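J.: input.tsv is reproduced in full below (TSV, C-alpha atoms).
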```tsv
chain	number	residue	atom	x	y	z
A	967	MET	CA	-60.94	34.72	61.66
A	968	LEU	CA	-61.91	34.96	58.04
A	969	ASN	CA	-59.12	34.29	55.58
A	970	LYS	CA	-60.24	36.71	52.87
A	971	THR	CA	-58.03	38.02	50.13
A	972	LEU	CA	-58.62	41.73	49.96
A	973	GLU	CA	-58.24	43.82	46.86
A	974	ASN	CA	-55.26	45.73	48.25
A	975	GLU	CA	-53.48	42.45	49.09
A	976	THR	CA	-53.31	41.59	45.40
A	977	GLU	CA	-51.33	44.73	44.53
A	978	PRO	CA	-47.66	43.91	43.88
A	979	VAL	CA	-45.14	45.25	46.35
A	980	GLY	CA	-41.34	45.34	46.54
A	981	ALA	CA	-39.80	42.24	45.03
A	982	GLU	CA	-43.00	41.38	43.16
A	983	LYS	CA	-42.84	44.65	41.21
A	984	PHE	CA	-39.20	43.98	40.34
A	985	VAL	CA	-39.97	40.42	39.17
A	986	ILE	CA	-42.92	41.65	37.10
A	987	CYS	CA	-40.68	44.32	35.52
A	988	VAL	CA	-38.04	41.71	34.58
A	989	ASN	CA	-40.71	39.34	33.23
A	990	ASP	CA	-42.19	42.19	31.15
A	991	PHE	CA	-38.73	42.90	29.74
A	992	LYS	CA	-38.27	39.23	28.79
A	993	GLN	CA	-41.73	39.17	27.17
A	994	LYS	CA	-40.94	42.31	25.16
A	995	LEU	CA	-37.82	40.58	23.85
A	996	GLY	CA	-40.05	37.60	23.09
A	997	PHE	CA	-39.16	35.47	20.09
A	998	TRP	CA	-35.77	37.10	19.52
A	999	TYR	CA	-34.64	36.37	23.06
A	1000	SER	CA	-35.83	32.76	23.03
A	1001	LEU	CA	-34.49	31.99	19.55
A	1002	PHE	CA	-31.37	34.09	19.19
A	1003	GLY	CA	-30.32	34.71	22.82
A	1004	LEU	CA	-30.91	31.20	24.17
A	1005	ARG	CA	-30.21	29.02	21.15
A	1006	ILE	CA	-28.30	30.48	18.20
A	1007	PHE	CA	-25.90	32.92	19.90
A	1008	PRO	CA	-24.55	30.44	22.49
A	1009	VAL	CA	-23.82	27.85	19.80
A	1010	LEU	CA	-21.93	30.44	17.73
A	1011	LEU	CA	-20.13	31.82	20.79
A	1012	TYR	CA	-19.02	28.40	22.06
A	1013	PHE	CA	-17.70	27.24	18.69
A	1014	ILE	CA	-14.06	27.91	19.63
A	1015	PRO	CA	-14.23	27.49	23.46
A	1016	ILE	CA	-15.48	23.90	23.15
A	1017	ASN	CA	-12.48	23.12	20.95
A	1018	VAL	CA	-10.06	24.78	23.39
A	1019	VAL	CA	-11.54	22.94	26.39
A	1020	LEU	CA	-11.40	19.58	24.61
A	1021	GLU	CA	-7.84	20.12	23.37
A	1022	GLN	CA	-6.51	21.30	26.73
A	1023	THR	CA	-8.25	18.42	28.50
A	1024	TYR	CA	-6.73	15.93	26.07
A	1025	LEU	CA	-3.31	17.52	26.53
A	1026	CYS	CA	-3.62	17.17	30.32
A	1027	ILE	CA	-4.56	13.51	29.87
A	1028	ASN	CA	-1.69	13.09	27.41
A	1029	ARG	CA	0.79	14.39	30.00
A	1030	MET	CA	-0.21	11.66	32.44
A	1031	TYR	CA	-0.81	8.86	29.94
A	1032	PRO	CA	1.28	9.56	26.83
A	1033	ASN	CA	-0.25	8.37	23.57
A	1034	ASP	CA	-0.68	9.50	19.98
A	1035	ILE	CA	-4.46	9.86	20.08
A	1036	ILE	CA	-4.30	13.65	20.45
A	1037	ASN	CA	-2.38	13.93	17.15
A	1038	SER	CA	-5.00	11.98	15.23
A	1039	THR	CA	-8.43	13.01	14.04
A	1040	PHE	CA	-9.85	12.11	17.46
A	1041	LEU	CA	-9.93	15.77	18.57
A	1042	THR	CA	-11.76	16.85	15.42
A	1043	VAL	CA	-14.34	14.09	15.69
A	1044	THR	CA	-15.00	14.70	19.39
A	1045	TRP	CA	-15.22	18.45	18.76
A	1046	ILE	CA	-17.86	17.93	16.05
A	1047	ILE	CA	-19.79	15.53	18.29
A	1048	ALA	CA	-19.58	17.95	21.25
A	1049	LEU	CA	-20.82	20.85	19.08
A	1050	LEU	CA	-23.72	18.77	17.77
A	1051	LEU	CA	-24.67	17.67	21.27
A	1052	PHE	CA	-24.44	21.25	22.53
A	1053	ALA	CA	-26.57	22.56	19.63
A	1054	THR	CA	-29.14	19.81	20.28
A	1055	ALA	CA	-29.24	20.65	23.99
A	1056	ALA	CA	-29.59	24.37	23.20
A	1057	ILE	CA	-32.55	23.69	20.91
A	1058	LEU	CA	-34.37	21.00	22.90
A	1059	VAL	CA	-33.49	21.65	26.56
A	1060	PRO	CA	-32.11	25.17	27.17
A	1061	LYS	CA	-31.79	24.55	30.93
A	1062	VAL	CA	-29.32	21.72	30.32
A	1063	ALA	CA	-27.53	23.93	27.79
A	1064	THR	CA	-27.20	26.61	30.48
A	1065	VAL	CA	-25.34	24.17	32.71
A	1066	ILE	CA	-23.08	23.19	29.81
A	1067	GLU	CA	-22.48	26.87	29.03
A	1068	PHE	CA	-21.35	27.62	32.58
A	1069	VAL	CA	-19.14	24.52	32.86
A	1070	CYS	CA	-17.53	24.96	29.44
A	1071	GLY	CA	-17.31	28.74	29.84
A	1072	PHE	CA	-15.51	28.62	33.18
A	1073	ALA	CA	-13.25	25.81	31.94
A	1074	PHE	CA	-12.37	27.94	28.90
A	1075	LEU	CA	-11.64	30.94	31.15
A	1076	PHE	CA	-9.43	28.76	33.35
A	1077	TYR	CA	-7.45	27.34	30.44
A	1078	VAL	CA	-7.06	30.71	28.72
A	1079	LEU	CA	-5.84	32.46	31.84
A	1080	ARG	CA	-3.76	29.52	33.12
A	1081	TYR	CA	-1.90	28.78	29.90
A	1082	ASN	CA	-2.02	32.32	28.42
A	1083	LEU	CA	-3.68	31.23	25.18
A	1084	LEU	CA	-4.66	34.72	24.05
A	1085	THR	CA	-2.46	35.74	21.14
A	1086	ASN	CA	-4.63	37.85	18.82
A	1087	ILE	CA	-7.66	40.13	18.62
A	1088	LEU	CA	-9.99	37.17	18.01
A	1089	GLY	CA	-8.95	35.61	21.31
A	1090	TYR	CA	-9.42	38.85	23.24
A	1091	SER	CA	-12.80	39.54	21.64
A	1092	LEU	CA	-13.91	35.95	22.29
A	1093	LEU	CA	-12.83	36.22	25.93
A	1094	THR	CA	-14.67	39.53	26.34
A	1095	GLY	CA	-17.81	38.19	24.65
A	1096	LEU	CA	-17.79	35.04	26.74
A	1097	ILE	CA	-17.36	36.95	29.99
A	1098	LEU	CA	-20.22	39.32	29.08
A	1099	PHE	CA	-22.41	36.41	28.03
A	1100	LEU	CA	-21.77	34.52	31.29
A	1101	LEU	CA	-22.43	37.66	33.36
A	1102	ILE	CA	-25.74	38.31	31.59
A	1103	LYS	CA	-26.68	34.64	31.92
A	1104	LEU	CA	-25.82	34.78	35.62
A	1105	VAL	CA	-27.93	37.92	36.12
A	1106	PHE	CA	-30.94	36.28	34.46
A	1107	LEU	CA	-30.35	33.17	36.58
A	1108	VAL	CA	-30.38	35.31	39.75
A	1109	PHE	CA	-33.61	36.97	38.55
A	1110	GLU	CA	-35.15	33.53	38.07
A	1111	ILE	CA	-34.14	32.50	41.60
A	1112	ILE	CA	-35.64	35.73	42.96
A	1113	ARG	CA	-38.86	35.01	41.02
A	1114	ILE	CA	-39.10	31.48	42.40
A	1115	LYS	CA	-38.45	32.66	45.93
A	1116	THR	CA	-40.89	35.57	45.67
A	1117	PHE	CA	-43.76	33.46	44.34
A	1118	ALA	CA	-43.03	30.36	46.44
A	1119	ASP	CA	-46.12	30.63	48.68
A	1120	ASP	CA	-48.61	31.25	45.87
A	1121	LYS	CA	-49.84	27.68	45.65
A	1122	MET	CA	-50.45	27.57	49.39
A	1123	ASN	CA	-52.32	30.90	49.28
A	1124	HIS	CA	-54.39	29.86	46.24
A	1125	ILE	CA	-52.94	32.54	43.98
A	1126	GLU	CA	-52.54	32.06	40.26
A	1127	ARG	CA	-50.19	34.26	38.23
A	1128	GLY	CA	-49.83	34.94	34.53
A	1129	GLU	CA	-46.59	34.81	32.53
A	1130	SER	CA	-45.61	38.30	33.62
A	1131	GLY	CA	-46.05	37.49	37.31
A	1132	ARG	CA	-49.22	39.52	37.81
A	1133	ILE	CA	-51.98	37.94	39.86
A	1134	VAL	CA	-54.65	36.43	37.64
A	1135	ARG	CA	-56.85	34.98	40.36
A	1136	ALA	CA	-56.71	35.01	44.12
A	1137	SER	CA	-59.34	33.24	46.22
A	1138	ASP	CA	-59.96	32.11	49.76
A	1139	GLU	CA	-60.45	28.46	48.94
A	1140	GLU	CA	-59.29	26.00	46.33
A	1141	VAL	CA	-61.04	26.27	43.00
A	1142	PHE	CA	-62.00	23.06	41.26
A	1143	PHE	CA	-63.26	22.91	37.71
A	1144	THR	CA	-65.73	20.20	36.75
```
Output the structure of this file as structure tokens.

T.:
Amino acid sequence: MLNKTLENETEPVGAEKFVICVNDFKQKLGFWYSLFGLRIFPVLLYFIPINVVLEQTYLCINRMYPNDIINSTFLTVTWIIALLLFATAAILVPKVATVIEFVCGFAFLFYVLRYNLLTNILGYSLLTGLILFLLIKLVFLVFEIIRIKTFADDKMNHIERGESGRIVRASDEEVFFT
């Protein structure tokens, strides 16, 4: 009844190989993915959708509680504040920005399709870009869930992995450094 980790047990199989392949792809993208793909591109892409979501939300509120606040500079000020908060979240906490991207993105898709707001090539290209961005973001989110699920028992089995997901150290007992 020895609980030994054999050499062939540390070879990746099935889902582990897939996760390692995806992690290698993300590492090859490296700085460009983390800077441009997670921070700069979403802020540029959501420049107009944030405005549309805010305006349509204010118009819905204005239908129930009529007032003149929507015709003032209130929309512009809240749009600037929302963009600054979104840019700050994208830079400092990309996981929170991902939640904002999904909420704002699906709200934009709802408003555009519900009220038929597409009138020119910019609107169609923005809609296409946003849909592609959300699909790619969703795929990477699914890959992250697969990675978490695949490597869930590593701590219990005393296995340490590197950034790519490859096993760095596997032992039979806990290792303590003094």

J.: Which residues are near A:Pro1060? Cut-off 10 Å, all atoms listed in the file, ignore same chain within fewer than 6 positions. Put them as a ChimeraX atom specification.

T.: /A:1000,1004-1005,1052-1054,1066-1067

J.: Do you know which residues are at most 10 Å from stretch 1108-1112 of chain A counting all atoms listed in the file, after dropping those on the same chain fewer than 5 positions away, and could you put them as a list in words?

T.: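 Counting only the stated atoms, we get Ala981, Glu982, Phe984, Val985, Val988, Asn989, Ile1102, Lys1103, Phe1117 and Ala1118 of chain A.
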
J.: In Å to one decimal, how far is atom CA of A:Leu1084 from atom CA of A:Phe1013?

T.: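 Interatomic distance, atom CA of A:Phe1013 to atom CA of A:Leu1084: 16.0 Å.
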
J.: If we count only C-alpha atoms, what is near stretch 1021-1038 of chain A at a cut-off of 10 Å, once residues fewer than 3 positions away on the same chain are taken out, given as a ChimeraX atom specification?

T.: /A:1015-1018,1041-1045,1073-1074,1077-1078,1081

J.: What is the atom CA of A:Pro1008-atom CA of A:Thr1039 distance in Å, reported with one decimal?

T.: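 Taking atom CA of A:Pro1008 as the start and atom CA of A:Thr1039 as the end point, the length is 25.2 Å.
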
J.: Calculate how many Å separate atom CA of A:Val1065 from atom CA of A:Leu1098, rounding to one decimal.

T.: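 Going from atom CA of A:Val1065 over to atom CA of A:Leu1098 covers 16.4 Å.
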
J.: Neighbouring residues of stretch 1087-1096 of chain A were defined as those with any atom within 8 Å, considering all atoms listed in the file; residues of the same chain fewer than 6 positions away were excluded. Please report them as number ranges by chain.

T.: A: 1011, 1071, 1075

J.: Have a look at A:Phe1076, A:Ile1097, A:Leu1050, A:Leu1058 and name the one nearest to A:Val1009; count only C-alpha atoms.

T.: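 Ranked by minimum distance to A:Val1009, first place goes to A:Leu1050.
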
J.: Calculated over only C-alpha atoms, which of the candidates A:Ala1056, A:Val1062, A:Asn1082, A:Phe1068 has the smallest distance to A:Phe1007?

T.: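 For A:Phe1007, the nearest of the given residues is A:Ala1056.
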